[in-house]
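Novice: You'll find my_file_4.cif just under this line, and it carries mmCIF, C-alpha atoms.
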```cif
data_structure
#
loop_
_atom_site.group_PDB
_atom_site.id
_atom_site.type_symbol
_atom_site.label_atom_id
_atom_site.label_comp_id
_atom_site.auth_asym_id
_atom_site.auth_seq_id
_atom_site.Cartn_x
_atom_site.Cartn_y
_atom_site.Cartn_z
ATOM 1 C CA MET A 1 12.205 -9.345 -175.634
ATOM 2 C CA LYS A 2 14.674 -10.583 -178.210
ATOM 3 C CA GLU A 3 14.340 -14.099 -179.553
ATOM 4 C CA TYR A 4 17.214 -16.324 -180.650
ATOM 5 C CA VAL A 5 17.444 -19.523 -182.674
ATOM 6 C CA ARG A 6 20.224 -21.992 -183.352
ATOM 7 C CA ILE A 7 20.592 -23.400 -186.863
ATOM 8 C CA ILE A 8 20.400 -27.172 -186.475
ATOM 9 C CA LYS A 9 20.749 -28.320 -190.087
ATOM 10 C CA GLU A 10 22.001 -26.999 -193.399
ATOM 11 C CA CYS A 11 19.054 -25.534 -195.315
ATOM 12 C CA GLY A 12 20.498 -22.586 -197.183
ATOM 13 C CA HIS A 13 23.600 -20.789 -198.301
ATOM 14 C CA ARG A 14 23.606 -18.293 -195.392
ATOM 15 C CA GLY A 15 24.025 -19.080 -191.712
ATOM 16 C CA LYS A 16 26.043 -21.876 -190.148
ATOM 17 C CA VAL A 17 24.971 -24.995 -188.317
ATOM 18 C CA GLY A 18 25.443 -24.592 -184.568
ATOM 19 C CA HIS A 19 25.498 -20.795 -184.702
ATOM 20 C CA ILE A 20 22.991 -18.693 -182.813
ATOM 21 C CA TYR A 21 21.139 -15.869 -184.546
ATOM 22 C CA GLU A 22 18.707 -13.188 -183.459
ATOM 23 C CA VAL A 23 15.188 -13.425 -184.902
ATOM 24 C CA VAL A 24 14.235 -10.204 -186.660
ATOM 25 C CA GLU A 25 10.946 -11.420 -188.112
ATOM 26 C CA LYS A 26 8.837 -14.588 -188.381
ATOM 27 C CA ASN A 27 6.880 -15.537 -191.460
ATOM 28 C CA PRO A 28 4.922 -18.815 -191.838
ATOM 29 C CA GLN A 29 5.996 -19.162 -195.496
ATOM 30 C CA ASP A 30 9.613 -18.035 -195.335
ATOM 31 C CA GLY A 31 10.508 -19.032 -191.772
ATOM 32 C CA PHE A 32 12.754 -16.758 -189.721
ATOM 33 C CA ARG A 33 14.526 -13.627 -190.852
ATOM 34 C CA LEU A 34 17.800 -13.820 -188.928
ATOM 35 C CA VAL A 35 20.761 -11.621 -188.136
ATOM 36 C CA THR A 36 23.985 -12.197 -186.216
ATOM 37 C CA PRO A 37 23.354 -11.022 -182.615
ATOM 38 C CA GLY A 38 24.477 -7.470 -182.044
ATOM 39 C CA GLU A 39 24.302 -6.572 -185.748
ATOM 40 C CA THR A 40 21.499 -4.824 -187.600
ATOM 41 C CA GLN A 41 22.199 -5.552 -191.253
ATOM 42 C CA TYR A 42 22.883 -8.584 -193.434
ATOM 43 C CA THR A 43 19.713 -10.408 -192.506
ATOM 44 C CA PHE A 44 18.720 -13.654 -194.183
ATOM 45 C CA TRP A 45 15.762 -16.015 -194.227
ATOM 46 C CA TYR A 46 15.995 -19.556 -192.879
ATOM 47 C CA PRO A 47 13.272 -22.278 -192.741
ATOM 48 C CA THR A 48 11.720 -22.884 -189.324
ATOM 49 C CA ASN A 49 12.309 -26.655 -189.533
ATOM 50 C CA CYS A 50 16.070 -26.011 -189.775
ATOM 51 C CA CYS A 51 16.219 -23.917 -186.582
ATOM 52 C CA GLU A 52 15.331 -24.331 -182.955
ATOM 53 C CA ALA A 53 14.392 -21.718 -180.419
ATOM 54 C CA VAL A 54 17.118 -20.990 -177.895
ATOM 55 C CA GLU A 55 15.831 -20.415 -174.368
ATOM 56 C CA PRO A 56 17.346 -17.603 -172.333
ATOM 57 C CA GLY A 57 20.194 -19.178 -170.414
ATOM 58 C CA ALA A 58 20.885 -21.885 -172.988
ATOM 59 C CA CYS A 59 23.580 -19.829 -174.643
ATOM 60 C CA THR A 60 25.638 -16.708 -174.317
ATOM 61 C CA VAL A 61 25.129 -14.105 -176.972
ATOM 62 C CA PRO A 62 26.145 -10.458 -177.068
ATOM 63 C CA THR A 63 23.215 -8.744 -175.381
ATOM 64 C CA LYS A 64 22.852 -5.665 -173.228
ATOM 65 C CA ASP A 65 21.563 -7.764 -170.307
ATOM 66 C CA PRO A 66 23.251 -11.179 -170.555
ATOM 67 C CA VAL A 67 21.458 -14.215 -169.138
ATOM 68 C CA ALA A 68 23.410 -16.734 -167.064
ATOM 69 C CA PHE A 69 24.289 -19.939 -168.918
ATOM 70 C CA ASP A 70 22.257 -23.003 -167.898
ATOM 71 C CA LYS A 71 23.507 -26.318 -169.323
ATOM 72 C CA THR A 72 20.199 -28.076 -168.483
ATOM 73 C CA LYS A 73 18.546 -26.076 -171.250
ATOM 74 C CA TRP A 74 20.763 -27.514 -173.976
ATOM 75 C CA SER A 75 18.780 -29.309 -176.627
ATOM 76 C CA GLU A 76 19.162 -32.641 -178.370
ATOM 77 C CA SER A 77 20.549 -30.831 -181.398
ATOM 78 C CA VAL A 78 23.356 -29.298 -179.334
ATOM 79 C CA GLN A 79 24.106 -32.723 -177.875
ATOM 80 C CA ALA A 80 24.229 -34.016 -181.464
ATOM 81 C CA LEU A 81 26.666 -31.216 -182.288
ATOM 82 C CA GLU A 82 28.771 -32.319 -179.310
ATOM 83 C CA ARG A 83 28.852 -35.884 -180.620
ATOM 84 C CA ALA A 84 29.769 -34.627 -184.099
ATOM 85 C CA TYR A 85 32.526 -32.527 -182.552
ATOM 86 C CA MET A 86 34.011 -35.545 -180.774
ATOM 87 C CA GLN A 87 33.751 -37.755 -183.875
ATOM 88 C CA GLN A 88 35.123 -35.184 -186.290
ATOM 89 C CA LYS A 89 37.432 -33.132 -184.055
ATOM 90 C CA ALA A 90 40.381 -33.737 -186.377
ATOM 91 C CA SER A 91 38.639 -32.110 -189.349
ATOM 92 C CA TRP A 92 35.895 -30.066 -187.692
ATOM 93 C CA GLN A 93 36.362 -26.293 -187.574
ATOM 94 C CA VAL A 94 34.947 -24.270 -184.688
ATOM 95 C CA PRO A 95 32.370 -21.855 -186.096
ATOM 96 C CA GLU A 96 33.787 -18.328 -186.126
ATOM 97 C CA ASN A 97 30.975 -16.982 -183.921
ATOM 98 C CA ALA A 98 30.484 -20.145 -181.862
ATOM 99 C CA ASP A 99 28.876 -19.711 -178.477
ATOM 100 C CA PHE A 100 31.686 -19.174 -175.925
ATOM 101 C CA ALA A 101 30.260 -21.437 -173.203
ATOM 102 C CA TRP A 102 29.579 -24.250 -175.686
ATOM 103 C CA HIS A 103 33.105 -23.989 -177.136
ATOM 104 C CA LEU A 104 34.730 -23.829 -173.686
ATOM 105 C CA ASP A 105 32.839 -26.961 -172.633
ATOM 106 C CA LYS A 106 34.054 -28.766 -175.779
ATOM 107 C CA VAL A 107 37.698 -27.909 -175.084
ATOM 108 C CA ALA A 108 37.414 -28.848 -171.395
ATOM 109 C CA LYS A 109 35.591 -32.101 -172.215
ATOM 110 C CA ASN A 110 38.308 -33.035 -174.705
ATOM 111 C CA VAL A 111 40.949 -32.576 -171.998
ATOM 112 C CA THR A 112 38.990 -34.388 -169.278
ATOM 113 C CA ASP A 113 38.159 -37.284 -171.621
ATOM 114 C CA LEU A 114 41.882 -37.635 -172.372
ATOM 115 C CA LEU A 115 42.709 -37.573 -168.641
ATOM 116 C CA LYS A 116 40.130 -40.269 -167.927
ATOM 117 C CA GLU A 117 41.486 -42.400 -170.792
ATOM 118 C CA LYS A 118 45.049 -42.082 -169.527
ATOM 119 C CA ASN A 119 43.988 -42.746 -165.943
ATOM 120 C CA ALA A 120 42.333 -45.967 -167.074
ATOM 121 C CA ALA A 121 45.487 -46.968 -168.990
ATOM 122 C CA TYR A 122 48.124 -45.955 -166.420
ATOM 123 C CA GLY A 123 46.209 -46.174 -163.174
ATOM 124 C CA ASN A 124 46.082 -43.195 -160.869
ATOM 125 C CA SER A 125 49.846 -42.652 -161.172
ATOM 126 C CA ALA A 126 49.586 -38.863 -161.492
ATOM 127 C CA LEU A 127 47.922 -38.416 -158.102
ATOM 128 C CA ASN A 128 49.422 -41.530 -156.475
ATOM 129 C CA PRO A 129 52.946 -41.914 -157.896
ATOM 130 C CA ALA A 130 54.430 -45.422 -157.755
ATOM 131 C CA ASN A 131 57.650 -44.016 -156.225
ATOM 132 C CA ILE A 132 59.695 -46.912 -157.589
ATOM 133 C CA PHE A 133 62.591 -44.738 -158.778
ATOM 134 C CA SER A 134 61.512 -41.202 -157.924
ATOM 135 C CA LYS A 135 60.375 -40.363 -154.413
ATOM 136 C CA LEU A 136 58.608 -37.142 -155.442
ATOM 137 C CA ASP A 137 55.074 -36.553 -154.222
ATOM 138 C CA ALA A 138 52.240 -36.002 -156.717
ATOM 139 C CA VAL A 139 52.625 -32.204 -156.831
ATOM 140 C CA GLU A 140 56.382 -32.274 -157.484
ATOM 141 C CA SER A 141 56.048 -35.121 -159.970
ATOM 142 C CA LEU A 142 53.430 -33.183 -161.960
ATOM 143 C CA LEU A 143 55.632 -30.070 -161.954
ATOM 144 C CA VAL A 144 58.444 -32.136 -163.524
ATOM 145 C CA ARG A 145 56.076 -33.455 -166.208
ATOM 146 C CA MET A 146 54.892 -29.896 -166.916
ATOM 147 C CA ASP A 147 58.508 -28.719 -167.262
ATOM 148 C CA ASP A 148 59.057 -31.451 -169.856
ATOM 149 C CA LYS A 149 55.967 -30.383 -171.845
ATOM 150 C CA ILE A 150 56.992 -26.719 -171.764
ATOM 151 C CA MET A 151 60.496 -27.617 -172.975
ATOM 152 C CA ARG A 152 58.976 -29.545 -175.887
ATOM 153 C CA ILE A 153 56.916 -26.487 -176.835
ATOM 154 C CA LYS A 154 59.968 -24.243 -176.419
ATOM 155 C CA ASN A 155 62.106 -26.486 -178.646
ATOM 156 C CA ARG A 156 59.522 -27.359 -181.306
ATOM 157 C CA GLY A 157 56.979 -24.543 -181.113
ATOM 158 C CA ILE A 158 53.236 -25.015 -181.298
ATOM 159 C CA ASN A 159 52.154 -26.772 -184.484
ATOM 160 C CA ASP A 160 50.234 -29.838 -185.651
ATOM 161 C CA GLU A 161 52.966 -32.101 -184.243
ATOM 162 C CA THR A 162 52.871 -30.526 -180.773
ATOM 163 C CA GLU A 163 49.141 -29.809 -180.446
ATOM 164 C CA ASP A 164 48.827 -32.880 -178.195
ATOM 165 C CA THR A 165 51.539 -31.358 -175.978
ATOM 166 C CA VAL A 166 49.331 -28.334 -175.331
ATOM 167 C CA THR A 167 46.427 -30.618 -174.419
ATOM 168 C CA ASP A 168 48.730 -32.655 -172.137
ATOM 169 C CA LEU A 169 49.921 -29.475 -170.434
ATOM 170 C CA ILE A 170 46.350 -28.349 -169.799
ATOM 171 C CA GLY A 171 45.623 -31.828 -168.414
ATOM 172 C CA TYR A 172 48.643 -31.640 -166.116
ATOM 173 C CA LEU A 173 47.372 -28.297 -164.804
ATOM 174 C CA PHE A 174 44.033 -29.959 -164.005
ATOM 175 C CA LEU A 175 45.881 -32.794 -162.256
ATOM 176 C CA LEU A 176 48.113 -30.322 -160.394
ATOM 177 C CA LYS A 177 45.023 -28.536 -159.080
ATOM 178 C CA MET A 178 43.627 -31.889 -157.897
ATOM 179 C CA ALA A 179 46.941 -32.911 -156.288
ATOM 180 C CA MET A 180 47.217 -29.570 -154.491
ATOM 181 C CA GLU A 181 43.659 -29.920 -153.146
ATOM 182 C CA ARG A 182 44.457 -33.441 -151.899
ATOM 183 C CA LYS A 183 47.704 -32.274 -150.299
ATOM 184 C CA ASN A 184 45.911 -29.559 -148.337
#
```
In structure tokens, how does this file's structure come out?
Specialist:
Amino acid sequence: MKEYVRIIKECGHRGKVGHIYEVVEKNPQDGFRLVTPGETQYTFWYPTNCCEAVEPGACTVPTKDPVAFDKTKWSESVQALERAYMQQKASWQVPENADFAWHLDKVAKNVTDLLKEKNAAYGNSALNPANIFSKLDAVESLLVRMDDKIMRIKNRGINDETEDTVTDLIGYLFLLKMAMERKN
């Protein structure tokens, strides 16, 4: 059975913090000899105190028989990476071979955190419109907001200035799904 580890701190010039590697060999003096999952060459040694074992189900890696992802098996170090991601999201770069499920959760959490923030600031106006001027229901009101966001992207493109527009649009899609479920 293949073993995997996640690098949890910088201890060498090879490997990246947060990335998952396959264990090729263990050695009490040198630590783990690692390789990118699915590859057979370009191995490197990494100290054992700078890695943690990754339980089957705690990640998705390219394997012949994939194991279902189980968030309950995430470790403290991954939670620390999550906190670092939230604190440094402006300058932090997603590792090029980042675990898909972990990365997807980060993107979704960013959007849901923004929605919760805005809901606290504006009240539940997206799902319960005030209807002071407009008499549109929640679904129609959200469709109008989405049209506005798409027009901004169409007119300005997607760049650093409009990145928040993409996040807003994703958030509006979440809200639209909620409004449609409430309507039915």
Novice: Counting only C-alpha atoms, find residues at most 12 Å from (33.7, -15.9, -183.4) (file frame) and give them as a VMD selection string.
Specialist: chain A and resid 16 19 to 20 36 to 37 61 to 62 93 to 100 103
Novice: Which residues fall under the PyMOL selection byres ((chain A and resi 44) around 10) in this file, as a JSON list (two decimals) with C-alpha atoms, in the coordinates of the input?
Specialist:
```
[["chain", "number", "residue", "atom", "x", "y", "z"],
["A", 12, "GLY", "CA", 20.50, -22.59, -197.18],
["A", 13, "HIS", "CA", 23.60, -20.79, -198.30],
["A", 14, "ARG", "CA", 23.61, -18.29, -195.39],
["A", 15, "GLY", "CA", 24.02, -19.08, -191.71],
["A", 23, "VAL", "CA", 15.19, -13.42, -184.90],
["A", 24, "VAL", "CA", 14.24, -10.20, -186.66],
["A", 32, "PHE", "CA", 12.75, -16.76, -189.72],
["A", 33, "ARG", "CA", 14.53, -13.63, -190.85],
["A", 34, "LEU", "CA", 17.80, -13.82, -188.93],
["A", 35, "VAL", "CA", 20.76, -11.62, -188.14],
["A", 36, "THR", "CA", 23.98, -12.20, -186.22],
["A", 41, "GLN", "CA", 22.20, -5.55, -191.25],
["A", 42, "TYR", "CA", 22.88, -8.58, -193.43],
["A", 43, "THR", "CA", 19.71, -10.41, -192.51],
["A", 45, "TRP", "CA", 15.76, -16.02, -194.23],
["A", 46, "TYR", "CA", 16.00, -19.56, -192.88]]
```
Novice: Ranking A:Val139, A:Thr40, A:Lys109, A:Asp147 by minimum distance to Asn184 in chain A and counting all atoms listed in the file, which one comes first?
Specialist: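 Distance minimum relative to Asn184 in chain A lands on A:Val139.
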Novice: For the atom pair CA of Thr112 in chain A and CA of Thr167 in chain A, what is the interatomic distance in Å to one decimal place?
Specialist: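 Interatomic distance here is 9.8 Å.
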Novice: Separation of CA of Leu115 in chain A and CA of Met180 in chain A, in Å?
Specialist: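 Going from CA of Leu115 in chain A over to CA of Met180 in chain A covers 16.9 Å.
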Novice: Which polymer residues, protein or nucleic acid, are no farther than 12 Å from (50.8, -41.3, -157.5), counting all atoms listed in the file, as a PyMOL selection string?
Specialist: chain A and resi 119+122-132+134-142+175-176+178-179+182-183
Novice: Nearest to Lys26 in chain A among A:Cys11, A:Val166, A:Val107, A:Val5, with distances taken over only C-alpha atoms: which residue is it?
Specialist: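 Distance minimum relative to Lys26 in chain A lands on A:Val5.
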Novice: For CA of Phe174 in chain A and CA of Ile158 in chain A, quote the distance in Å rounded to one decimal.
Specialist: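 Atom-to-atom, CA of Phe174 in chain A and CA of Ile158 in chain A are spaced 20.2 Å apart.
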Novice: Which residues come within 10 Å of Leu143 in chain A, counting all atoms listed in the file, excluding same-chain residues fewer than 6 positions away, as a CSV table (one decimal) with C-alpha atoms, in the coordinates of the input?
Specialist:
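For reference, out.csv as written:
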```
chain,number,residue,atom,x,y,z
A,149,LYS,CA,56.0,-30.4,-171.8
A,172,TYR,CA,48.6,-31.6,-166.1
A,173,LEU,CA,47.4,-28.3,-164.8
A,176,LEU,CA,48.1,-30.3,-160.4
```
Novice: Any idea what's packed within 6 Å of Ile7 in chain A, counting only C-alpha atoms, ignoring anything in its chain fewer than 6 positions away? Could you give it as a list in words?
Specialist: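 Answer for this query is Val17, Gly18, His19, Cys50 and Cys51 of chain A.
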Novice: Could you write out the selected residues, including C-alpha atoms, as a JSON list (two decimals), keeping the file's coordinate frame?
Specialist:
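Wrote part38.json, looks like this:
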```
[["chain", "number", "residue", "atom", "x", "y", "z"],
["A", 17, "VAL", "CA", 24.97, -25.00, -188.32],
["A", 18, "GLY", "CA", 25.44, -24.59, -184.57],
["A", 19, "HIS", "CA", 25.50, -20.80, -184.70],
["A", 50, "CYS", "CA", 16.07, -26.01, -189.78],
["A", 51, "CYS", "CA", 16.22, -23.92, -186.58]]
```
Novice: Counting only C-alpha atoms, which of A:Ala120, A:Leu169, A:Met1, A:Leu114 gets nearest to Arg145 in chain A?
Specialist: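 Counting only C-alpha atoms, the residue closest to Arg145 in chain A is A:Leu169.
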Novice: Point out the residue among A:Lys154, A:Glu55, A:Asp113, A:Gly38 with the least atom-to-atom distance to Tyr4 in chain A, counting only C-alpha atoms.
Specialist: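 Nearest to Tyr4 in chain A: A:Glu55.
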